[in-house]
Amino acid sequence: MRVSKTLILAAFALALGAAPVLAAAGVVGEAAPAFKLKGLDGKTHSLADHKGKVVVLEWINPECPYSDRHAREKTMTGLADKHGEVVWLAINSTNPQHGNYLEPAEHLAWNKQRGIDYAVLYDPTGQVGKAYGAKTTPHMFIIDPQGKIAYNGAIDDDPSGRQAKPERTNYVDLGLVAEAAKHDPNPATTKPYGCSVKY
Amino acid sequence: MRTLLYLILFGGLTSPAWGAANEWVVNGPSRVRLITPYAVAPAEGEVRMGVEMRLEEGWHSYWKNSGDAGYAPTVEVAGPMSGVELLYPVPRRFDLPGELVAFGYADEVLYPLRGRLAARGEREVRLTAEVDYVVCAEECIPYQASLALRQPVGEQAVEDPETAPVVRRWWGLVPRTVEEVPGVETSGRLVADGGGGPALEVRVRGVEAAPGTQVFFAPHDLFELGRPEARPVAGGVVFRAPLASRQAGMDLPARIPFEWTVTGLARGGEPLAIEARRQVAGVIQQGADEEEPTGVGDTTAGGRGALSVSLAAAAAVAATLAALYLWGILGVSAAREQPEGQGGGWRGLLGFAAAGGTVWALLGLAHVVHREALVGVELALLGLALCAWLRRRAAGRGMLPAALTVGLLACAAAAVWLAHRGQL
């Protein structure tokens with residue numbers, strides 16, 4: 001009796017094996033969460049404004065040594081220039097209560113010093129960061145022209161920044177080249193590295 | 001004069017890095033040094049050493065899976081050493097704002113290094129380590145350190161009384177591969193989670209779980225693993241961590257590799273941490289909290305599993321007793337009153353059917369109890385049969401049959417108890 005019940009349940013469990021897998025935030029292949037955020041330029045930026053274009057989202061925190069290193073090394077600005085057709089948006093999700101929070105004027109001064117000319121958006125509630133599952137600064141996302149997340153992960157494969165720039169594999173560059181050729185980025189996900197986002 | 005010469009000679013050599021540890025290299029809130037347990041290291045063969053790190057209060061460094069931020073340190077050792085391997089002592093969990101999590105070490109840690117030295121005929125070797133690491137508090141700071149050590153070597157290794165206990169203590173905190181620990185088993189399976197998605201269920205058996213027991217996972221390509229929950233069960237512990245896929249519309253592969261480390265265990269009073277790699281079938285099984293396909297139960301989930309295990313064992317006992325009765329072995333008087341040939345054949349056949357029931361119940365038990373427990377149950381049933389047989393032979397001889405009846409009942413009770421105790 002006991003065993004037959006076991007067998008029936010085991011068969012039932014096998015049948016259930018096809019159940020869908022619950023997805024995390026920022027899942028590749030799913031629609032990128034919509035947002036409307038105020039930028040340092042004083043304008044409100046909405047993801048919907050850029051429909052039909054490839055959008056890169058970069059989580060940023062000037063007080064984080066990783067964001068700052070990539071800014072110094074022109075990793076992001078160099079890529080944004082190389083792929084002039086894409087929309088590059090940086091999002092700062094730092095909690096205003098946190099020591100890393102910068103007033104817009106301070107952030108603008110840093111942008112100027114580092115030559116950052118793309119839009120930087122403030123997400124003080126952290127809602128957008130959490131909707132994307134942004135964990136680190138930098139944490140990179142590529143959104144394809146259909147508004148789906150195409151890449152979620154690190155900027156490159158060199159967390160310590162020890163390798164010379166040409167020796168690094170820049171995943172966002174790879175992803176944008178793939179998008180330009182109407183292919184899916186490969187890899188589509190990597191483990192982001194850097195400081196934790198200061199929610 | 002000679003003393004003076006020695007003083008000059010060794011005074012020059014001992015600074016900055018001669019012997020079992022180099023001077024601390026200070027990097028902001030962190031200090032690192034290369035440390036060996038040897039005054040004289042073995043010139044040939046395996047050597048154990050480490051990169052020791054001290055952190056100011058509030059800072060932490062990282063485990064091999066750093067969690068949501070940071071990254072694990074890298075160490076590149078140069079010198080006459082080969083096959084250098086960086087190991088990680090048991091980590092701690094740090095909960096960060098925004099439901100982010102980090103895995104690593106606060107205050108101090110020694111990252112153990114293992115390698116083979118090939119310096120026969122040398123009197124000392126120069127070992128260097130390039131360490132890349134990151135420390136975080138409110139902010140994260142990446143650092144690099146170049147560590148160098150002149151290590152005396154010889155035919156006979158000599159411990160350094162100051163550094164050896166430090167190195168040994170941290171080496172003792174490196175989890176052991178589960179295959180190295182006899183009697184301890186671990187397994188994983190996918191089960192349905194409350195939220196509808198799958199969860200990874202990790203079981204460890206053959207251990208005592210301390211209240212602070214935790215499971216840590218290696219980073220995974222396909223899934224994000226949520227916060228695990230631990231449930232102590234008889235003879236072990238069960239963890240459950242929700243899984244969320246990194247890509248939409250993903251089908252589960254047939255086999256999914258996972259790697260886990262379980263800390264805060266004990267075995268025979270000794271603290272224990274284990275690590276294991278397992279291929280988990282990509283099939284979501286019904287969780288133990290709902291129905292139990294494998295009959296897996298635990299004492300905390302309402303005792304439902306415990307009850308079914310005990311019932312199965314009781315069924316085995318009952319079937320055995322029935323078989324013994326039907327074969328005329330059990331009932332002292334019944335056996336005598338039963339003449340051969342009058343329905344004896346039928347009784348024999350029914351007895352076989354009952355014995356089949358015993359086997360059936362044992363097969364069921366085999367899925368839900370330890371192997372050791374199953375052997376125990378079978379021995380108890382054999383003891384029960386032996387008591388019944390001896391009792392029949394000893395009928396009419398004073399107190400002996402009564403004593404054997406007690407033995408018979410004890411064996412029956414033991415079978416149920418062993419099954420209950422040995423449930424997975």
# chains A, B, ... in the order shown; residues from 1 in each chain; ligands from 1
>>> residues_around(residues="Val56 in chain A", least_positions_apart="3", cutoff="6 Å", atoms="only C-alpha atoms", output="ChimeraX atom specification")
/A:88,141-142
>>> residues_around(residues="range 231-239 of chain B", least_positions_apart="5", cutoff="6 Å", atoms="only C-alpha atoms", output="PyMOL selection string")
chain B and resi 201-208+298-299
>>> closest_residue(among="A:Asn92, A:Thr169, A:Asn100, A:Ser46", to="chain B", atoms="only C-alpha atoms")
A:Asn100
>>> closest_atom_pairs(of="chain B", to="chain A", cutoff="7 Å", atoms="only C-alpha atoms", output="JSON lines")
{"residue": "B:Asp68", "atom": "CA", "partner": "A:Lys135", "partner_atom": "CA", "distance": 5.8}
{"residue": "B:Ala69", "atom": "CA", "partner": "A:Ser196", "partner_atom": "CA", "distance": 4.9}
{"residue": "B:Gly70", "atom": "CA", "partner": "A:Gly194", "partner_atom": "CA", "distance": 5.1}
{"residue": "B:Tyr71", "atom": "CA", "partner": "A:Tyr193", "partner_atom": "CA", "distance": 6.4}
{"residue": "B:Pro97", "atom": "CA", "partner": "A:Tyr199", "partner_atom": "CA", "distance": 5.6}
{"residue": "B:Gly98", "atom": "CA", "partner": "A:Tyr199", "partner_atom": "CA", "distance": 5.0}
{"residue": "B:Leu100", "atom": "CA", "partner": "A:Lys135", "partner_atom": "CA", "distance": 7.0}
{"residue": "B:Asp132", "atom": "CA", "partner": "A:Ser160", "partner_atom": "CA", "distance": 6.6}
{"residue": "B:Glu139", "atom": "CA", "partner": "A:Cys64", "partner_atom": "CA", "distance": 6.5}
{"residue": "B:Cys140", "atom": "CA", "partner": "A:Cys195", "partner_atom": "CA", "distance": 5.4}
{"residue": "B:Ile141", "atom": "CA", "partner": "A:Pro65", "partner_atom": "CA", "distance": 6.1}
{"residue": "B:Pro142", "atom": "CA", "partner": "A:Ser160", "partner_atom": "CA", "distance": 6.9}
{"residue": "B:Gly197", "atom": "CA", "partner": "A:Leu22", "partner_atom": "CA", "distance": 4.5}
{"residue": "B:Pro198", "atom": "CA", "partner": "A:Val21", "partner_atom": "CA", "distance": 6.3}
{"residue": "B:Ala244", "atom": "CA", "partner": "A:Ala23", "partner_atom": "CA", "distance": 4.8}
{"residue": "B:Ser245", "atom": "CA", "partner": "A:Ala23", "partner_atom": "CA", "distance": 4.9}
{"residue": "B:Arg246", "atom": "CA", "partner": "A:Val27", "partner_atom": "CA", "distance": 5.2}
{"residue": "B:Gln247", "atom": "CA", "partner": "A:Val28", "partner_atom": "CA", "distance": 4.7}
{"residue": "B:Ala248", "atom": "CA", "partner": "A:Gly29", "partner_atom": "CA", "distance": 5.1}
{"residue": "B:Val283", "atom": "CA", "partner": "A:Gly17", "partner_atom": "CA", "distance": 4.4}
{"residue": "B:Ile284", "atom": "CA", "partner": "A:Gly17", "partner_atom": "CA", "distance": 4.5}
{"residue": "B:Gln285", "atom": "CA", "partner": "A:Ala13", "partner_atom": "CA", "distance": 4.8}
{"residue": "B:Gln286", "atom": "CA", "partner": "A:Ala13", "partner_atom": "CA", "distance": 5.5}
{"residue": "B:Pro293", "atom": "CA", "partner": "A:Leu9", "partner_atom": "CA", "distance": 4.8}
{"residue": "B:Thr294", "atom": "CA", "partner": "A:Thr6", "partner_atom": "CA", "distance": 6.2}
{"residue": "B:Gly295", "atom": "CA", "partner": "A:Thr6", "partner_atom": "CA", "distance": 6.8}
{"residue": "B:Gly364", "atom": "CA", "partner": "A:Val3", "partner_atom": "CA", "distance": 5.2}
>>> write_last_selection(atoms="N, CA, C and O atoms", output="short mmCIF file (atom, residue, chain, number, x, y, z; two decimals), in the first residue's frame")
data_model
loop_
_atom_site.label_atom_id
_atom_site.label_comp_id
_atom_site.auth_asym_id
_atom_site.auth_seq_id
_atom_site.Cartn_x
_atom_site.Cartn_y
_atom_site.Cartn_z
N ASP B 68 26.64 38.95 -3.97
CA ASP B 68 26.14 39.91 -4.95
C ASP B 68 27.16 40.97 -5.34
O ASP B 68 27.00 41.65 -6.35
N ALA B 69 28.16 41.20 -4.52
CA ALA B 69 29.14 42.24 -4.85
C ALA B 69 30.53 41.69 -4.59
O ALA B 69 30.69 40.56 -4.16
N GLY B 70 31.53 42.53 -4.85
CA GLY B 70 32.91 42.14 -4.60
C GLY B 70 33.37 41.01 -5.51
O GLY B 70 32.73 40.71 -6.52
N TYR B 71 34.50 40.41 -5.17
CA TYR B 71 34.95 39.22 -5.88
C TYR B 71 35.94 38.48 -5.00
O TYR B 71 36.50 39.05 -4.06
N PRO B 97 22.14 46.19 2.54
CA PRO B 97 20.87 46.84 2.21
C PRO B 97 20.41 46.45 0.80
O PRO B 97 21.22 46.14 -0.07
N GLY B 98 19.09 46.49 0.59
CA GLY B 98 18.54 46.14 -0.73
C GLY B 98 18.48 44.65 -0.95
O GLY B 98 18.51 44.19 -2.09
N LEU B 100 20.67 42.53 -0.70
CA LEU B 100 21.87 41.98 -1.30
C LEU B 100 22.62 41.20 -0.22
O LEU B 100 22.44 41.43 0.97
N ASP B 132 45.49 39.83 -5.36
CA ASP B 132 44.47 40.80 -5.77
C ASP B 132 43.26 40.56 -4.91
O ASP B 132 42.76 39.43 -4.88
N GLU B 139 31.83 51.04 1.69
CA GLU B 139 32.34 51.11 0.33
C GLU B 139 33.27 49.92 0.10
O GLU B 139 33.61 49.21 1.04
N CYS B 140 33.65 49.71 -1.16
CA CYS B 140 34.56 48.62 -1.49
C CYS B 140 35.84 49.21 -2.04
O CYS B 140 35.81 50.17 -2.81
N ILE B 141 36.97 48.64 -1.65
CA ILE B 141 38.24 49.11 -2.17
C ILE B 141 39.05 47.91 -2.67
O ILE B 141 39.33 46.99 -1.90
N PRO B 142 39.39 47.92 -3.96
CA PRO B 142 40.24 46.84 -4.47
C PRO B 142 41.71 47.12 -4.14
O PRO B 142 42.15 48.28 -4.19
N GLY B 197 7.79 28.22 -8.12
CA GLY B 197 9.02 27.88 -8.82
C GLY B 197 9.73 26.75 -8.10
O GLY B 197 9.25 26.26 -7.07
N PRO B 198 10.85 26.33 -8.63
CA PRO B 198 11.58 25.26 -7.96
C PRO B 198 12.47 25.79 -6.84
O PRO B 198 12.81 26.96 -6.81
N ALA B 244 15.87 30.98 -8.99
CA ALA B 244 15.27 31.83 -10.01
C ALA B 244 16.18 31.78 -11.22
O ALA B 244 17.40 31.88 -11.10
N SER B 245 15.59 31.58 -12.40
CA SER B 245 16.43 31.42 -13.59
C SER B 245 16.94 32.78 -14.05
O SER B 245 16.32 33.81 -13.80
N ARG B 246 18.07 32.77 -14.70
CA ARG B 246 18.66 34.00 -15.21
C ARG B 246 18.16 34.31 -16.61
O ARG B 246 18.36 35.41 -17.11
N GLN B 247 17.57 33.33 -17.27
CA GLN B 247 17.07 33.55 -18.63
C GLN B 247 15.61 33.13 -18.72
O GLN B 247 15.22 32.12 -18.13
N ALA B 248 14.84 33.89 -19.50
CA ALA B 248 13.41 33.62 -19.60
C ALA B 248 13.16 32.36 -20.42
O ALA B 248 13.92 32.02 -21.31
N VAL B 283 14.36 17.70 -12.60
CA VAL B 283 12.96 17.32 -12.46
C VAL B 283 12.47 17.86 -11.12
O VAL B 283 13.11 17.64 -10.09
N ILE B 284 11.38 18.60 -11.17
CA ILE B 284 10.88 19.17 -9.92
C ILE B 284 10.03 18.12 -9.23
O ILE B 284 8.99 17.71 -9.73
N GLN B 285 10.47 17.70 -8.07
CA GLN B 285 9.71 16.71 -7.31
C GLN B 285 8.82 17.43 -6.32
O GLN B 285 9.12 18.55 -5.93
N GLN B 286 7.76 16.74 -5.93
CA GLN B 286 6.87 17.35 -4.95
C GLN B 286 7.61 17.49 -3.63
O GLN B 286 8.34 16.60 -3.21
N PRO B 293 6.80 11.77 -2.31
CA PRO B 293 6.98 10.69 -3.26
C PRO B 293 8.02 9.68 -2.79
O PRO B 293 7.86 8.49 -3.00
N THR B 294 9.05 10.15 -2.14
CA THR B 294 10.06 9.21 -1.68
C THR B 294 9.86 8.89 -0.21
O THR B 294 10.70 8.28 0.41
N GLY B 295 8.73 9.34 0.31
CA GLY B 295 8.46 9.06 1.71
C GLY B 295 9.38 9.80 2.64
O GLY B 295 9.48 9.48 3.81
N GLY B 364 9.65 -0.71 0.76
CA GLY B 364 9.18 0.66 0.97
C GLY B 364 10.09 1.40 1.94
O GLY B 364 10.46 2.55 1.71
#
>>> select_by_dssp(residues="range 66-98 of chain A", states="helix (DSSP H, G or I)", output="list in words")
Tyr66, Ser67, Asp68, Arg69, His70, Ala71, Arg72, Thr75, Met76, Thr77, Gly78, Leu79, Ala80, Asp81 and Lys82 of chain A
>>> select_by_dssp(residues="range 12-73 of chain B", states="strand (DSSP E)", output="MDAnalysis selection string")
chainID B and resid 25:27 30:35 38:42 44:55 60:67
>>> residues_around(residues="Leu200 in chain B", least_positions_apart="2", cutoff="6 Å", atoms="only C-alpha atoms", output="JSON, numbers by chain")
{"B": [189, 190, 240, 241]}
>>> write_last_selection(atoms="N, CA and C atoms", output="CSV table (one decimal), in the first residue's frame")
chain,number,residue,atom,x,y,z
B,189,ARG,N,18.1,17.8,-4.6
B,189,ARG,CA,17.0,17.5,-5.6
B,189,ARG,C,16.2,18.8,-5.7
B,190,LEU,N,15.5,18.9,-6.8
B,190,LEU,CA,14.6,20.1,-7.0
B,190,LEU,C,13.3,19.8,-6.5
B,240,ARG,N,16.7,24.4,2.1
B,240,ARG,CA,15.9,24.7,0.9
B,240,ARG,C,16.2,26.1,0.4
B,241,ALA,N,16.6,26.2,-0.8
B,241,ALA,CA,16.9,27.5,-1.4
B,241,ALA,C,16.1,27.7,-2.6
>>> atom_distance(atom1="CA of Ala218 in chain B", atom2="CA of Trp170 in chain B")
20.4 Å
>>> residues_around(residues="range 111-124 of chain B", least_positions_apart="3", cutoff="6 Å", atoms="only C-alpha atoms", output="MDAnalysis selection string")
chainID B and resid 43:51 80:88 151:153
>>> atom_distance(atom1="CA of His370 in chain B", atom2="CA of Glu185 in chain B")
10.2 Å
>>> decode(residues="range 115-128 of chain B", atoms="all heavy atoms", output="PDB file, in the first residue's frame")
ATOM      1  N   GLY B 115      50.701  23.546  -2.214  1.00  0.00           N
ATOM      2  CA  GLY B 115      51.483  23.327  -3.426  1.00  0.00           C
ATOM      3  C   GLY B 115      52.613  22.366  -3.156  1.00  0.00           C
ATOM      4  O   GLY B 115      52.770  21.879  -2.027  1.00  0.00           O
ATOM      5  N   ARG B 116      53.382  22.078  -4.200  1.00  0.00           N
ATOM      6  CA  ARG B 116      54.517  21.175  -4.034  1.00  0.00           C
ATOM      7  C   ARG B 116      55.808  21.952  -4.248  1.00  0.00           C
ATOM      8  O   ARG B 116      55.957  22.659  -5.244  1.00  0.00           O
ATOM      9  CB  ARG B 116      54.422  20.018  -5.026  1.00  0.00           C
ATOM     10  CG  ARG B 116      53.185  19.155  -4.820  1.00  0.00           C
ATOM     11  CD  ARG B 116      53.240  17.891  -5.654  1.00  0.00           C
ATOM     12  NE  ARG B 116      54.213  16.941  -5.138  1.00  0.00           N
ATOM     13  CZ  ARG B 116      53.981  16.152  -4.087  1.00  0.00           C
ATOM     14  NH1 ARG B 116      52.830  16.197  -3.446  1.00  0.00           N
ATOM     15  NH2 ARG B 116      54.911  15.314  -3.673  1.00  0.00           N
ATOM     16  N   LEU B 117      56.690  21.789  -3.303  1.00  0.00           N
ATOM     17  CA  LEU B 117      57.970  22.474  -3.361  1.00  0.00           C
ATOM     18  C   LEU B 117      58.981  21.538  -4.019  1.00  0.00           C
ATOM     19  O   LEU B 117      58.967  20.333  -3.761  1.00  0.00           O
ATOM     20  CB  LEU B 117      58.395  22.814  -1.930  1.00  0.00           C
ATOM     21  CG  LEU B 117      59.286  24.016  -1.694  1.00  0.00           C
ATOM     22  CD1 LEU B 117      58.687  25.269  -2.304  1.00  0.00           C
ATOM     23  CD2 LEU B 117      59.477  24.223  -0.195  1.00  0.00           C
ATOM     24  N   ALA B 118      59.822  22.090  -4.877  1.00  0.00           N
ATOM     25  CA  ALA B 118      60.886  21.294  -5.484  1.00  0.00           C
ATOM     26  C   ALA B 118      62.169  22.089  -5.332  1.00  0.00           C
ATOM     27  O   ALA B 118      62.506  22.916  -6.175  1.00  0.00           O
ATOM     28  CB  ALA B 118      60.574  21.016  -6.958  1.00  0.00           C
ATOM     29  N   ALA B 119      62.842  21.902  -4.206  1.00  0.00           N
ATOM     30  CA  ALA B 119      64.038  22.697  -3.914  1.00  0.00           C
ATOM     31  C   ALA B 119      65.093  21.836  -3.257  1.00  0.00           C
ATOM     32  O   ALA B 119      65.750  22.239  -2.300  1.00  0.00           O
ATOM     33  CB  ALA B 119      63.670  23.871  -3.020  1.00  0.00           C
ATOM     34  N   ARG B 120      65.249  20.614  -3.764  1.00  0.00           N
ATOM     35  CA  ARG B 120      66.249  19.711  -3.190  1.00  0.00           C
ATOM     36  C   ARG B 120      67.640  20.341  -3.312  1.00  0.00           C
ATOM     37  O   ARG B 120      67.985  20.896  -4.348  1.00  0.00           O
ATOM     38  CB  ARG B 120      66.216  18.370  -3.924  1.00  0.00           C
ATOM     39  CG  ARG B 120      67.114  17.315  -3.302  1.00  0.00           C
ATOM     40  CD  ARG B 120      66.831  15.968  -3.946  1.00  0.00           C
ATOM     41  NE  ARG B 120      65.497  15.485  -3.592  1.00  0.00           N
ATOM     42  CZ  ARG B 120      65.267  14.571  -2.638  1.00  0.00           C
ATOM     43  NH1 ARG B 120      66.271  14.046  -1.986  1.00  0.00           N
ATOM     44  NH2 ARG B 120      64.054  14.179  -2.378  1.00  0.00           N
ATOM     45  N   GLY B 121      68.391  20.259  -2.223  1.00  0.00           N
ATOM     46  CA  GLY B 121      69.750  20.802  -2.235  1.00  0.00           C
ATOM     47  C   GLY B 121      69.808  22.286  -1.908  1.00  0.00           C
ATOM     48  O   GLY B 121      70.886  22.821  -1.685  1.00  0.00           O
ATOM     49  N   GLU B 122      68.647  22.949  -1.869  1.00  0.00           N
ATOM     50  CA  GLU B 122      68.650  24.380  -1.537  1.00  0.00           C
ATOM     51  C   GLU B 122      68.618  24.551  -0.017  1.00  0.00           C
ATOM     52  O   GLU B 122      68.184  23.663   0.712  1.00  0.00           O
ATOM     53  CB  GLU B 122      67.408  25.061  -2.117  1.00  0.00           C
ATOM     54  CG  GLU B 122      67.209  24.873  -3.610  1.00  0.00           C
ATOM     55  CD  GLU B 122      68.104  25.784  -4.421  1.00  0.00           C
ATOM     56  OE1 GLU B 122      68.489  26.842  -3.883  1.00  0.00           O
ATOM     57  OE2 GLU B 122      68.445  25.414  -5.557  1.00  0.00           O
ATOM     58  N   ARG B 123      69.064  25.714   0.419  1.00  0.00           N
ATOM     59  CA  ARG B 123      68.989  25.998   1.855  1.00  0.00           C
ATOM     60  C   ARG B 123      67.843  26.958   2.158  1.00  0.00           C
ATOM     61  O   ARG B 123      67.348  27.010   3.268  1.00  0.00           O
ATOM     62  CB  ARG B 123      70.312  26.565   2.348  1.00  0.00           C
ATOM     63  CG  ARG B 123      71.428  25.557   2.064  1.00  0.00           C
ATOM     64  CD  ARG B 123      72.648  25.816   2.854  1.00  0.00           C
ATOM     65  NE  ARG B 123      72.386  25.923   4.277  1.00  0.00           N
ATOM     66  CZ  ARG B 123      73.315  26.264   5.143  1.00  0.00           C
ATOM     67  NH1 ARG B 123      74.533  26.536   4.720  1.00  0.00           N
ATOM     68  NH2 ARG B 123      73.034  26.352   6.415  1.00  0.00           N
ATOM     69  N   GLU B 124      67.495  27.735   1.170  1.00  0.00           N
ATOM     70  CA  GLU B 124      66.315  28.580   1.327  1.00  0.00           C
ATOM     71  C   GLU B 124      65.724  28.863  -0.049  1.00  0.00           C
ATOM     72  O   GLU B 124      66.420  28.755  -1.064  1.00  0.00           O
ATOM     73  CB  GLU B 124      66.650  29.887   2.054  1.00  0.00           C
ATOM     74  CG  GLU B 124      67.468  30.850   1.230  1.00  0.00           C
ATOM     75  CD  GLU B 124      67.512  32.236   1.875  1.00  0.00           C
ATOM     76  OE1 GLU B 124      67.865  32.317   3.056  1.00  0.00           O
ATOM     77  OE2 GLU B 124      67.201  33.218   1.180  1.00  0.00           O
ATOM     78  N   VAL B 125      64.464  29.166  -0.057  1.00  0.00           N
ATOM     79  CA  VAL B 125      63.814  29.505  -1.319  1.00  0.00           C
ATOM     80  C   VAL B 125      63.123  30.857  -1.147  1.00  0.00           C
ATOM     81  O   VAL B 125      62.772  31.256  -0.032  1.00  0.00           O
ATOM     82  CB  VAL B 125      62.771  28.439  -1.750  1.00  0.00           C
ATOM     83  CG1 VAL B 125      63.436  27.140  -2.077  1.00  0.00           C
ATOM     84  CG2 VAL B 125      61.705  28.263  -0.682  1.00  0.00           C
ATOM     85  N   ARG B 126      62.953  31.545  -2.266  1.00  0.00           N
ATOM     86  CA  ARG B 126      62.231  32.815  -2.237  1.00  0.00           C
ATOM     87  C   ARG B 126      60.857  32.558  -2.833  1.00  0.00           C
ATOM     88  O   ARG B 126      60.721  32.106  -3.975  1.00  0.00           O
ATOM     89  CB  ARG B 126      62.992  33.835  -3.075  1.00  0.00           C
ATOM     90  CG  ARG B 126      62.391  35.218  -3.038  1.00  0.00           C
ATOM     91  CD  ARG B 126      63.214  36.158  -3.920  1.00  0.00           C
ATOM     92  NE  ARG B 126      62.368  37.234  -4.420  1.00  0.00           N
ATOM     93  CZ  ARG B 126      62.065  38.327  -3.726  1.00  0.00           C
ATOM     94  NH1 ARG B 126      62.526  38.480  -2.506  1.00  0.00           N
ATOM     95  NH2 ARG B 126      61.290  39.264  -4.253  1.00  0.00           N
ATOM     96  N   LEU B 127      59.839  32.797  -2.029  1.00  0.00           N
ATOM     97  CA  LEU B 127      58.463  32.615  -2.485  1.00  0.00           C
ATOM     98  C   LEU B 127      57.813  33.989  -2.590  1.00  0.00           C
ATOM     99  O   LEU B 127      57.961  34.821  -1.687  1.00  0.00           O
ATOM    100  CB  LEU B 127      57.675  31.764  -1.488  1.00  0.00           C
ATOM    101  CG  LEU B 127      58.185  30.347  -1.268  1.00  0.00           C
ATOM    102  CD1 LEU B 127      57.476  29.704  -0.088  1.00  0.00           C
ATOM    103  CD2 LEU B 127      57.996  29.508  -2.521  1.00  0.00           C
ATOM    104  N   THR B 128      57.124  34.210  -3.676  1.00  0.00           N
ATOM    105  CA  THR B 128      56.406  35.477  -3.805  1.00  0.00           C
ATOM    106  C   THR B 128      54.943  35.197  -4.130  1.00  0.00           C
ATOM    107  O   THR B 128      54.613  34.185  -4.739  1.00  0.00           O
ATOM    108  CB  THR B 128      56.986  36.373  -4.913  1.00  0.00           C
ATOM    109  OG1 THR B 128      56.813  35.689  -6.159  1.00  0.00           O
ATOM    110  CG2 THR B 128      58.441  36.686  -4.681  1.00  0.00           C
TER     111      THR B 128
END
